[in-house]
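Q: As input, take start_13.cif (mmCIF, C-alpha atoms):
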data_final
loop_
_atom_site.label_atom_id
_atom_site.label_comp_id
_atom_site.auth_asym_id
_atom_site.auth_seq_id
_atom_site.Cartn_x
_atom_site.Cartn_y
_atom_site.Cartn_z
CA MET A 1 -60.09 81.31 -39.33
CA SER A 2 -60.51 84.95 -38.08
CA ASN A 3 -57.62 87.13 -36.98
CA GLN A 4 -59.00 87.13 -33.48
CA THR A 5 -58.85 83.36 -33.27
CA LEU A 6 -55.23 83.29 -34.55
CA GLN A 7 -54.16 85.85 -32.01
CA LYS A 8 -55.65 83.80 -29.14
CA SER A 9 -53.81 80.64 -30.31
CA ARG A 10 -50.47 82.42 -30.45
CA ALA A 11 -50.99 83.83 -27.02
CA LYS A 12 -51.56 80.36 -25.55
CA ARG A 13 -48.35 79.00 -27.11
CA ARG A 14 -46.33 81.93 -25.73
CA ALA A 15 -47.80 81.25 -22.30
CA ARG A 16 -46.77 77.58 -22.41
CA VAL A 17 -43.20 78.44 -23.47
CA SER A 18 -42.99 81.12 -20.76
CA ALA A 19 -44.17 78.64 -18.11
CA SER A 20 -41.59 76.04 -19.13
CA THR A 21 -38.74 78.51 -18.77
CA ARG A 22 -39.75 79.90 -15.40
CA PRO A 23 -37.28 79.30 -12.53
CA GLY A 24 -38.14 76.31 -10.32
CA THR A 25 -39.86 74.27 -12.99
CA PHE A 26 -38.57 70.72 -13.96
CA ASN A 27 -38.77 69.49 -17.53
CA ARG A 28 -38.27 65.74 -18.14
CA GLN A 29 -36.06 65.10 -21.18
CA THR A 30 -34.55 61.68 -20.31
CA ALA A 31 -35.76 60.08 -23.49
CA ARG A 32 -34.20 62.86 -25.50
CA LEU A 33 -30.82 62.54 -23.70
CA GLU A 34 -30.77 58.73 -24.17
CA GLY A 35 -31.57 59.20 -27.79
CA ARG A 36 -28.77 61.70 -28.38
CA ARG A 37 -25.49 60.79 -30.11
CA ASP A 38 -22.59 62.23 -28.11
CA GLY A 39 -19.98 61.24 -30.70
CA LYS A 40 -17.82 59.39 -28.17
CA PRO A 41 -16.49 55.97 -29.32
CA LEU A 42 -17.49 52.88 -27.38
CA ILE A 43 -14.41 50.71 -28.02
CA PHE A 44 -11.35 50.99 -30.27
CA GLY A 45 -12.69 54.10 -31.96
CA TRP A 46 -15.96 52.46 -32.84
CA GLY A 47 -19.46 53.38 -31.59
CA GLY A 48 -19.53 57.15 -31.90
CA HIS A 49 -22.61 56.89 -34.07
CA LEU A 50 -24.59 55.09 -31.35
CA THR A 51 -26.95 56.68 -28.88
CA ARG A 52 -26.33 56.54 -25.17
CA ARG A 53 -29.08 53.94 -24.71
CA GLN A 54 -27.64 51.75 -27.46
CA LYS A 55 -24.20 51.93 -25.83
CA GLU A 56 -25.57 50.95 -22.42
CA LEU A 57 -27.46 48.04 -23.95
CA LEU A 58 -24.34 46.79 -25.74
CA GLN A 59 -22.27 47.11 -22.55
CA ARG A 60 -24.77 45.06 -20.57
CA ARG A 61 -24.86 42.39 -23.26
CA ALA A 62 -21.05 42.29 -23.43
CA ALA A 63 -20.79 41.91 -19.65
CA LEU A 64 -23.37 39.11 -19.68
CA ALA A 65 -21.59 37.36 -22.56
CA PHE A 66 -18.23 37.62 -20.74
CA VAL A 67 -19.64 36.15 -17.52
CA SER A 68 -21.29 33.36 -19.51
CA LEU A 69 -18.04 32.64 -21.36
CA VAL A 70 -16.08 32.44 -18.11
CA GLY A 71 -18.73 30.11 -16.70
CA LEU A 72 -18.56 27.88 -19.75
CA ILE A 73 -14.76 27.77 -19.56
CA VAL A 74 -14.87 26.82 -15.88
CA LEU A 75 -17.51 24.18 -16.59
CA GLY A 76 -15.52 22.88 -19.57
CA VAL A 77 -12.36 22.59 -17.50
CA GLY A 78 -14.28 20.70 -14.84
CA VAL A 79 -15.90 18.34 -17.34
CA PHE A 80 -12.56 17.74 -19.07
CA GLY A 81 -10.95 17.01 -15.71
CA VAL A 82 -13.62 14.43 -14.94
CA ILE A 83 -13.28 12.85 -18.39
CA GLN A 84 -9.49 12.86 -18.12
CA GLN A 85 -9.46 11.21 -14.69
CA ASN A 86 -12.21 8.68 -15.39
CA VAL A 87 -11.85 7.96 -19.11
CA LEU A 88 -8.66 9.22 -20.77
CA ILE A 89 -6.05 8.32 -18.14
CA PRO A 90 -7.54 4.89 -17.25
CA ASN A 91 -7.61 3.98 -20.94
CA GLN A 92 -4.00 4.96 -21.63
CA ALA A 93 -1.94 2.00 -22.84
CA ILE A 94 0.50 0.70 -20.27
CA VAL A 95 1.93 -1.81 -22.79
CA LYS A 96 1.18 -3.00 -26.34
CA ILE A 97 1.50 -6.54 -27.70
CA ASN A 98 1.49 -6.68 -31.49
CA GLY A 99 -0.55 -3.48 -31.50
CA VAL A 100 -3.06 -4.65 -28.87
CA ALA A 101 -3.09 -2.25 -25.93
CA VAL A 102 -3.38 -3.18 -22.28
CA SER A 103 -4.89 -0.16 -20.51
CA GLN A 104 -4.11 1.17 -17.06
CA ASP A 105 -7.64 0.28 -15.94
CA GLN A 106 -7.28 -3.34 -17.06
CA TYR A 107 -3.93 -3.53 -15.26
CA ARG A 108 -5.37 -1.91 -12.10
CA LYS A 109 -8.10 -4.54 -11.83
CA ALA A 110 -5.73 -7.44 -12.50
CA LEU A 111 -3.25 -6.14 -9.92
CA ALA A 112 -5.97 -5.90 -7.26
CA TYR A 113 -6.97 -9.51 -7.93
CA ASP A 114 -3.38 -10.81 -7.94
CA ALA A 115 -2.59 -8.97 -4.70
CA GLN A 116 -5.70 -10.41 -3.03
CA VAL A 117 -4.80 -13.93 -4.14
CA VAL A 118 -1.37 -13.69 -2.49
CA TRP A 119 -2.84 -12.01 0.60
CA ASN A 120 -5.47 -14.74 1.00
CA ARG A 121 -2.88 -17.46 0.50
CA VAL A 122 -0.49 -16.06 3.12
CA LYS A 123 -3.30 -15.58 5.61
CA GLY A 124 -4.49 -19.14 4.98
CA GLU A 125 -0.98 -20.52 5.47
CA LEU A 126 -0.54 -18.57 8.71
CA LYS A 127 -3.90 -19.83 9.96
CA GLU A 128 -2.97 -23.44 9.19
CA GLN A 129 0.37 -22.97 10.89
CA GLY A 130 -1.33 -21.66 14.01
CA GLU A 131 -3.63 -24.68 14.06
CA LEU A 132 -0.60 -27.00 13.90
CA LEU A 133 1.05 -25.41 16.91
CA PRO A 134 -0.51 -27.65 19.61
CA LYS A 135 0.38 -30.79 17.64
CA ILE A 136 3.95 -29.59 17.12
CA GLN A 137 4.29 -28.86 20.82
CA ALA A 138 3.03 -32.37 21.53
CA GLY A 139 5.82 -33.78 19.36
CA ASP A 140 3.72 -34.76 16.29
CA ALA A 141 6.27 -35.48 13.55
CA VAL A 142 3.75 -35.08 10.70
CA ALA A 143 2.69 -31.65 12.00
CA THR A 144 6.32 -30.63 12.37
CA SER A 145 7.07 -31.68 8.80
CA ARG A 146 4.05 -29.81 7.48
CA ASN A 147 5.09 -26.73 9.45
CA ASP A 148 8.48 -26.78 7.74
CA VAL A 149 6.73 -26.77 4.37
CA LEU A 150 4.41 -23.96 5.45
CA THR A 151 7.32 -21.88 6.68
CA SER A 152 8.97 -22.09 3.28
CA LEU A 153 5.69 -21.23 1.51
CA ILE A 154 4.99 -18.27 3.79
CA ARG A 155 8.44 -16.82 3.28
CA SER A 156 8.10 -17.16 -0.49
CA ASP A 157 4.63 -15.59 -0.56
CA GLU A 158 5.57 -12.75 1.77
CA SER A 159 8.56 -11.89 -0.40
CA ALA A 160 6.18 -11.79 -3.38
CA TYR A 161 3.77 -9.50 -1.53
CA THR A 162 5.45 -6.24 -2.50
CA LYS A 163 4.45 -3.46 -4.86
CA ASP A 164 7.38 -4.04 -7.19
CA SER A 165 7.09 -7.82 -7.27
CA LEU A 166 3.32 -7.92 -7.79
CA SER A 167 3.30 -5.17 -10.42
CA GLN A 168 5.94 -6.98 -12.49
CA GLN A 169 4.15 -10.31 -12.16
CA THR A 170 0.78 -8.83 -13.12
CA ILE A 171 2.00 -6.99 -16.22
CA SER A 172 3.96 -10.08 -17.27
CA ASN A 173 0.81 -12.20 -16.96
CA MET A 174 -1.15 -9.70 -19.06
CA ILE A 175 1.51 -9.64 -21.79
CA GLU A 176 1.58 -13.42 -21.86
CA ASP A 177 -2.21 -13.59 -21.97
CA GLN A 178 -2.20 -11.56 -25.18
CA LEU A 179 0.46 -13.84 -26.66
CA ILE A 180 -1.63 -16.84 -25.63
CA GLN A 181 -4.78 -15.45 -27.23
CA GLN A 182 -2.95 -14.58 -30.44
CA GLY A 183 -1.21 -17.96 -30.47
CA ALA A 184 -4.54 -19.73 -29.92
CA GLN A 185 -5.95 -18.01 -32.99
CA ARG A 186 -3.00 -19.28 -35.05
CA TYR A 187 -3.51 -22.85 -33.80
CA GLU A 188 -7.19 -22.61 -34.63
CA ARG A 189 -6.28 -21.71 -38.21
CA THR A 190 -3.29 -23.98 -38.81
CA ASP A 191 -4.17 -27.01 -36.68
CA LYS A 192 -7.94 -26.70 -37.10
CA VAL A 193 -8.36 -26.67 -33.32
CA ALA A 194 -11.72 -25.66 -31.86
CA ALA A 195 -11.81 -22.30 -30.09
CA SER A 196 -13.17 -24.03 -26.98
CA THR A 197 -9.76 -25.69 -26.61
CA PHE A 198 -8.37 -22.38 -25.37
CA GLU A 199 -11.32 -20.30 -24.21
CA ALA A 200 -12.45 -20.20 -20.59
CA SER A 201 -15.98 -21.49 -20.11
CA ALA A 202 -18.44 -19.90 -17.67
CA ASN A 203 -18.21 -23.00 -15.48
CA ASP A 204 -14.40 -22.85 -15.41
CA ILE A 205 -14.49 -19.22 -14.32
CA THR A 206 -17.23 -19.73 -11.73
CA ALA A 207 -15.32 -22.61 -10.12
CA LYS A 208 -12.17 -20.51 -9.70
CA LEU A 209 -14.21 -17.52 -8.52
CA ASN A 210 -15.84 -19.62 -5.80
CA ASP A 211 -12.40 -20.77 -4.63
CA PHE A 212 -11.28 -17.14 -4.56
CA LYS A 213 -14.27 -16.11 -2.44
CA LYS A 214 -13.75 -18.95 0.05
CA ALA A 215 -10.12 -17.99 0.59
CA PHE A 216 -10.87 -14.59 2.14
CA PRO A 217 -9.65 -14.36 5.74
CA VAL A 218 -12.09 -13.98 8.63
CA GLY A 219 -13.36 -10.40 8.79
CA GLU A 220 -12.80 -9.77 5.08
CA SER A 221 -15.17 -10.40 2.20
CA TYR A 222 -15.41 -10.52 -1.56
CA GLY A 223 -18.01 -7.72 -1.58
CA ALA A 224 -15.76 -5.39 0.40
CA PHE A 225 -12.89 -6.20 -1.97
CA LEU A 226 -15.03 -5.13 -4.95
CA ASP A 227 -16.30 -1.95 -3.29
CA LYS A 228 -12.96 -0.70 -1.99
CA ASN A 229 -11.22 -1.24 -5.32
CA ASN A 230 -14.11 0.05 -7.47
CA ILE A 231 -14.28 -3.09 -9.57
CA SER A 232 -17.14 -5.37 -10.53
CA ASP A 233 -17.80 -9.08 -10.43
CA ALA A 234 -17.46 -9.08 -14.24
CA ASP A 235 -14.00 -7.48 -13.91
CA VAL A 236 -12.86 -10.26 -11.59
CA ARG A 237 -14.25 -12.90 -13.93
CA GLY A 238 -12.28 -11.30 -16.77
CA VAL A 239 -9.03 -11.57 -14.80
CA ILE A 240 -9.80 -15.16 -13.81
CA ALA A 241 -10.33 -15.97 -17.50
CA MET A 242 -6.63 -15.22 -18.05
CA ASP A 243 -5.68 -17.92 -15.54
CA VAL A 244 -7.99 -20.42 -17.22
CA ARG A 245 -6.55 -19.64 -20.68
CA ARG A 246 -3.04 -20.28 -19.35
CA THR A 247 -4.08 -23.68 -18.06
CA LYS A 248 -5.81 -24.60 -21.30
CA MET A 249 -2.85 -23.52 -23.45
CA GLN A 250 -0.48 -25.53 -21.22
CA THR A 251 -2.68 -28.59 -21.67
CA TYR A 252 -2.78 -28.19 -25.43
CA LEU A 253 0.97 -27.58 -25.84
CA ALA A 254 1.80 -30.56 -23.62
CA SER A 255 -0.44 -32.74 -25.80
CA LEU A 256 1.73 -31.88 -28.83
CA LEU A 257 4.84 -33.33 -27.20
CA VAL A 258 4.92 -37.02 -28.06
CA SER A 259 7.39 -39.81 -28.68
CA PRO A 260 8.50 -40.75 -31.24
CA THR A 261 8.55 -37.37 -32.97
CA ARG A 262 10.34 -35.41 -35.67
CA GLN A 263 13.87 -34.41 -34.59
CA VAL A 264 16.83 -32.64 -36.17
CA HIS A 265 20.55 -33.08 -35.59
CA LEU A 266 22.28 -29.68 -35.25
CA ARG A 267 25.62 -28.02 -34.88
CA ARG A 268 26.19 -24.40 -34.02
CA ILE A 269 28.66 -21.63 -33.32
CA LEU A 270 27.60 -19.33 -30.51
CA SER A 271 28.68 -15.67 -30.33
CA SER A 272 28.26 -12.91 -27.77
CA SER A 273 27.56 -10.20 -30.35
CA ALA A 274 25.55 -9.93 -33.54
CA ALA A 275 28.56 -8.51 -35.39
CA ASP A 276 30.74 -11.53 -34.56
CA ALA A 277 27.94 -13.89 -35.57
CA GLN A 278 27.53 -12.13 -38.91
CA LYS A 279 31.26 -12.51 -39.63
CA ILE A 280 31.10 -16.22 -38.82
CA LEU A 281 28.02 -16.66 -41.02
CA ALA A 282 29.78 -14.96 -43.92
CA GLN A 283 32.74 -17.35 -43.62
CA LEU A 284 30.48 -20.42 -43.44
CA GLN A 285 28.56 -19.30 -46.50
CA GLN A 286 31.87 -19.43 -48.35
CA ASP A 287 33.03 -22.72 -46.80
CA SER A 288 30.78 -24.91 -44.64
CA SER A 289 32.99 -28.00 -44.58
CA ASP A 290 33.45 -30.04 -41.42
CA ALA A 291 36.99 -28.73 -41.11
CA LYS A 292 35.79 -25.13 -41.26
CA TRP A 293 33.09 -25.75 -38.65
CA LYS A 294 35.57 -27.39 -36.30
CA THR A 295 38.04 -24.54 -36.69
CA LEU A 296 35.48 -21.78 -36.14
CA ALA A 297 33.83 -23.62 -33.24
CA LYS A 298 37.19 -24.09 -31.54
CA THR A 299 38.35 -20.51 -32.01
CA SER A 300 35.15 -18.45 -32.02
CA SER A 301 32.29 -20.23 -30.22
CA VAL A 302 31.49 -19.25 -26.63
CA ASP A 303 29.53 -22.48 -26.04
CA VAL A 304 31.84 -24.48 -23.77
CA ASP A 305 29.72 -27.61 -24.24
CA THR A 306 30.08 -27.82 -28.03
CA LYS A 307 33.14 -25.81 -29.09
CA ASP A 308 35.49 -28.79 -28.80
CA VAL A 309 33.24 -31.12 -30.81
CA GLY A 310 32.77 -28.94 -33.86
CA GLY A 311 29.64 -27.28 -32.41
CA ASP A 312 27.65 -30.54 -32.35
CA MET A 313 24.45 -30.02 -30.32
CA GLY A 314 23.04 -33.52 -30.82
CA TRP A 315 19.41 -34.24 -31.63
CA LEU A 316 16.75 -31.61 -31.01
CA ALA A 317 13.09 -32.38 -30.25
CA ASP A 318 10.34 -29.84 -29.67
CA GLY A 319 10.35 -28.48 -26.13
CA THR A 320 13.87 -29.60 -25.25
CA LYS A 321 16.17 -26.72 -26.26
CA ASP A 322 16.04 -22.96 -26.77
CA ALA A 323 12.63 -22.03 -28.20
CA ILE A 324 14.04 -19.63 -30.81
CA ILE A 325 16.36 -22.32 -32.17
CA GLU A 326 13.49 -24.80 -32.24
CA ASN A 327 11.24 -22.40 -34.13
CA TRP A 328 13.77 -22.25 -36.95
CA ALA A 329 15.20 -25.78 -36.90
CA LEU A 330 11.92 -27.70 -36.60
CA ALA A 331 10.07 -25.84 -39.33
CA THR A 332 8.81 -28.34 -41.92
CA SER A 333 10.55 -26.41 -44.72
CA ARG A 334 14.06 -27.10 -43.33
CA HIS A 335 16.47 -29.42 -45.19
CA VAL A 336 19.75 -31.19 -44.44
CA ASN A 337 22.89 -28.98 -44.59
CA GLU A 338 20.80 -25.80 -44.43
CA ILE A 339 22.50 -22.96 -42.51
CA SER A 340 20.41 -20.54 -40.47
CA PRO A 341 20.59 -16.77 -40.46
CA VAL A 342 21.93 -15.28 -37.22
CA LEU A 343 19.45 -16.25 -34.50
CA LYS A 344 19.26 -14.32 -31.24
CA ASP A 345 18.20 -16.81 -28.56
CA VAL A 346 16.29 -16.21 -25.32
CA ASN A 347 19.56 -15.73 -23.45
CA GLY A 348 20.54 -12.83 -25.68
CA THR A 349 23.39 -14.64 -27.44
CA TYR A 350 23.71 -15.19 -31.20
CA ASN A 351 23.66 -18.51 -33.06
CA VAL A 352 24.65 -19.75 -36.47
CA ILE A 353 23.21 -23.25 -36.91
CA GLN A 354 23.42 -26.00 -39.51
CA ILE A 355 21.10 -29.00 -39.86
CA LEU A 356 23.13 -32.21 -40.13
CA ALA A 357 20.26 -34.72 -40.29
CA ILE A 358 16.48 -35.00 -40.00
CA ASP A 359 14.65 -37.96 -38.47
CA PRO A 360 10.83 -37.84 -38.94
CA SER A 361 10.19 -40.33 -36.12
CA ARG A 362 12.82 -40.47 -33.41
CA LYS A 363 12.19 -41.59 -29.84
CA VAL A 364 12.40 -39.07 -26.98
CA ASP A 365 13.69 -40.18 -23.58
CA ALA A 366 10.78 -40.59 -21.13
CA SER A 367 12.28 -38.32 -18.49
CA THR A 368 13.04 -35.64 -21.07
CA LEU A 369 9.52 -35.91 -22.42
CA ASP A 370 7.95 -35.54 -18.96
CA THR A 371 10.04 -32.45 -18.24
CA SER A 372 9.16 -30.94 -21.61
CA ARG A 373 5.47 -31.49 -21.03
CA SER A 374 5.60 -29.93 -17.57
CA ASN A 375 7.32 -26.83 -18.95
CA ALA A 376 5.40 -26.68 -22.23
CA LEU A 377 3.75 -23.29 -21.67
CA SER A 378 6.74 -21.48 -20.20
CA HIS A 379 8.96 -22.86 -22.97
CA TRP A 380 6.49 -21.76 -25.65
CA LEU A 381 6.10 -18.31 -24.11
CA SER A 382 9.86 -17.77 -24.05
CA GLY A 383 9.88 -18.34 -27.77
CA GLN A 384 6.94 -15.99 -28.30
CA ARG A 385 8.49 -13.21 -26.24
CA TYR A 386 11.77 -13.30 -28.17
CA ASN A 387 10.34 -14.07 -31.59
CA THR A 388 11.18 -11.14 -33.85
CA SER A 389 7.74 -11.38 -35.46
CA ASN A 390 6.16 -10.38 -32.15
CA HIS A 391 6.40 -6.77 -30.99
CA VAL A 392 6.01 -6.10 -27.28
CA THR A 393 6.61 -2.56 -26.04
CA THR A 394 8.33 -1.82 -22.74
CA PRO A 395 5.68 -1.39 -20.01
CA ASP A 396 5.40 2.16 -18.66
CA SER A 397 7.19 1.91 -15.31
CA THR A 398 5.48 5.03 -13.94
CA MET A 399 2.03 3.61 -14.60
CA LEU A 400 2.98 0.26 -13.05
CA THR A 401 3.37 1.74 -9.58
CA ALA A 402 1.17 4.85 -9.87
CA ALA A 403 -0.98 5.33 -6.76
CA ARG A 404 -4.18 5.31 -8.86
CA ASN A 405 -3.37 1.77 -10.05
CA LEU A 406 -2.54 0.24 -6.67
CA PRO A 407 -5.26 -1.69 -4.81
CA VAL A 408 -6.95 -0.11 -1.81
CA ALA A 409 -7.50 -3.56 -0.35
CA PRO A 410 -5.40 -5.45 0.33
CA ASP A 411 -2.85 -2.83 1.33
CA LEU A 412 0.50 -3.54 -0.34
CA ASN A 413 2.24 -1.55 2.39
CA ALA A 414 0.83 -3.74 5.14
CA THR A 415 3.30 -5.67 7.27
CA LEU A 416 2.45 -9.35 7.24
CA PRO A 417 2.97 -11.37 10.42
CA SER A 418 5.97 -13.64 10.39
CA GLU A 419 5.71 -17.40 10.41
CA VAL A 420 6.10 -19.24 13.68
CA THR A 421 8.82 -21.84 14.14
CA PRO A 422 7.84 -23.82 17.24
CA THR A 423 9.74 -26.85 18.39
CA ALA A 424 8.46 -29.97 20.06
CA GLY A 425 7.81 -29.48 23.75
CA GLN A 426 7.91 -25.67 23.39
#
Show the structure stored in the file as structure tokens.

A:
Amino acid sequence: MSNQTLQKSRAKRRARVSASTRPGTFNRQTARLEGRRDGKPLIFGWGGHLTRRQKELLQRRAALAFVSLVGLIVLGVGVFGVIQQNVLIPNQAIVKINGVAVSQDQYRKALAYDAQVVWNRVKGELKEQGELLPKIQAGDAVATSRNDVLTSLIRSDESAYTKDSLSQQTISNMIEDQLIQQGAQRYERTDKVAASTFEASANDITAKLNDFKKAFPVGESYGAFLDKNNISDADVRGVIAMDVRRTKMQTYLASLLVSPTRQVHLRRILSSSAADAQKILAQLQQDSSDAKWKTLAKTSSVDVDTKDVGGDMGWLADGTKDAIIENWALATSRHVNEISPVLKDVNGTYNVIQILAIDPSRKVDASTLDTSRSNALSHWLSGQRYNTSNHVTTPDSTMLTAARNLPVAPDLNATLPSEVTPTAGQ
């Protein structure tokens, strides 16, 4: 390249530099500024090595991440609240029977059904009473007699139609249903009884459900009952199945009570405390002679019916005495002169018992047998509730009357109309 050409090239470059530095000219250098490192830290002393553009990008990403995190937290709290209200809380155990939990949701549905049953019954009784009024006023003795019965029934049902009364009755029924189911399984194993003996059939449930539907007062319906209480037809059928199981267990237990039957002759000393009973037992284990029994019965027993006769209780047949005592005394492994451990009975008192005789086939009085058969289920349940091998927790009292578990319809706070008590010629 010639010297002349080099000189021209240098001149052009000087002209461009001179033009860029003249006053009034604008030179864009944004990219250069964004690409510079200013040495300032971004956070906690870190980030001085980053360019301005890199810092801005990180700041935008951090802001977006923070907003997203807050959104996720809010969403998570909302989802958890929904799960808690609709899954966790309803499934909390209100009571446990031998480890089997009864949930709040199961209790809520059963309480709604039980409340509706009482409501329907009271309304039906009041309707019948109103229909009897003209006959009563005309002096009809039969109508007057029936009205007296209805008045008693209405008063009883209205006293039962309270939050406290219904909640206690419902949870008691649910506890007993678990004991019945567990007892049925034992009978199936030991007595070789078919499961159908205790289980509610579809026909049994449908029959009771139809009766339930027919009992609704005018202006109310089964469908509205389901909708208002957020329960299904299957839920109602499940509650009805408990009633059917009770009936079937009563039938089976009554069938076991026959005459003649195995009976045992007993004597006992009854104490108010476990400590006193243990002292008595220790003495009898040293000396169980008739003289010793008579002395201890006279001086220590709180049973006014037997203390003066050496504690003699007479003959015991199944279903006739305290269920806890029967469970021990009527066991097939018992033998004459055997002394029991301290037994806490259903009344909360403490027994020391001795078997004086065993009769494998002794007649039971007909009246006693009829009474025992009528009370077979309640008698059996009393023994199950107080049997130390069964473990029933105390129902959560807060859950029993919590607003979420009370039925929407019928309203337990509603004031029921009072019965009428007309007189002839009124």

Q: List the residues selected by the PyMOL selection byres ((chain A and resi 254) around 9) in the file shown, writing them as a PyMOL selection string.

A: chain A and resi 249-253+255-258+372-377

Q: So, counting all atoms listed in the file, which residue among A:Lys192, A:Arg121, A:Arg186, A:Arg237 is closest to A:Phe216?

A: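 So, comparing all the options, the nearest one is A:Arg121.
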
Q: Compare A:Ala317, A:Leu50, A:Ile324, A:Ala143 by their minimum atom-to-atom distance to A:Val364, counting only C-alpha atoms, and give me the closest one.

A: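 Closest residue, counting only C-alpha atoms: A:Ala317.
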
Q: Applying 7 Å and all atoms listed in the file, which residues near A:Leu400 remain after dropping the ones on its own chain fewer than 3 positions away? List them as a list in words.

A: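 Surrounding residues, per the criterion: Ser167, Asp396 and Ser397 of chain A.
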
Q: The PyMOL selection byres ((chain A and resi 387) around 10) on the file shown: which residues, as a PyMOL selection string?

A: chain A and resi 323-324+327+343-346+381-386+388-391

Q: In Å, with one decimal, what is the gap from atom CA of A:Gln129 to atom CA of A:Asn147?

A: 6.2 Å

Q: I'd like to know which of A:Met174, A:Ile73, A:Pro395, A:Phe212 is closest to A:Gln92, using all atoms listed in the file.

A: A:Pro395

Q: Hey, can you check how far atom CA of A:Val244 sits from atom CA of A:Leu226?

A: 20.8 Å

Q: Could you give me, as a list in words, the residues that sit within 12 Å of (-17.3, -7.3, -5.8) in the file's coordinates, counting only C-alpha atoms?

A: Lys109, Ala112, Tyr113, Leu209, Phe212, Lys213, Ser221, Tyr222, Gly223, Ala224, Phe225, Leu226, Asp227, Lys228, Asn229, Asn230, Ile231, Ser232, Asp233, Ala234, Asp235, Val236, Arg237 and Ala409 of chain A

Q: Contacts of A:Ala215 at 9 Å or less, counting only C-alpha atoms, minus same-chain residues fewer than 3 places along, as a PyMOL selection string?

A: chain A and resi 117+120-121+123-124+210-212

Q: Just the number, please: distance in Å from atom CA of A:Ala357 to atom CA of A:Met313, one decimal.

A: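 Separation between atom CA of A:Ala357 and atom CA of A:Met313: 11.8 Å.
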
Q: Let me make sure I understand: among A:Thr247, A:Lys208, A:Val352, A:Gly319, which one has the smallest atom-to-atom distance to A:Ala274 if we use all atoms listed in the file?

A: A:Val352
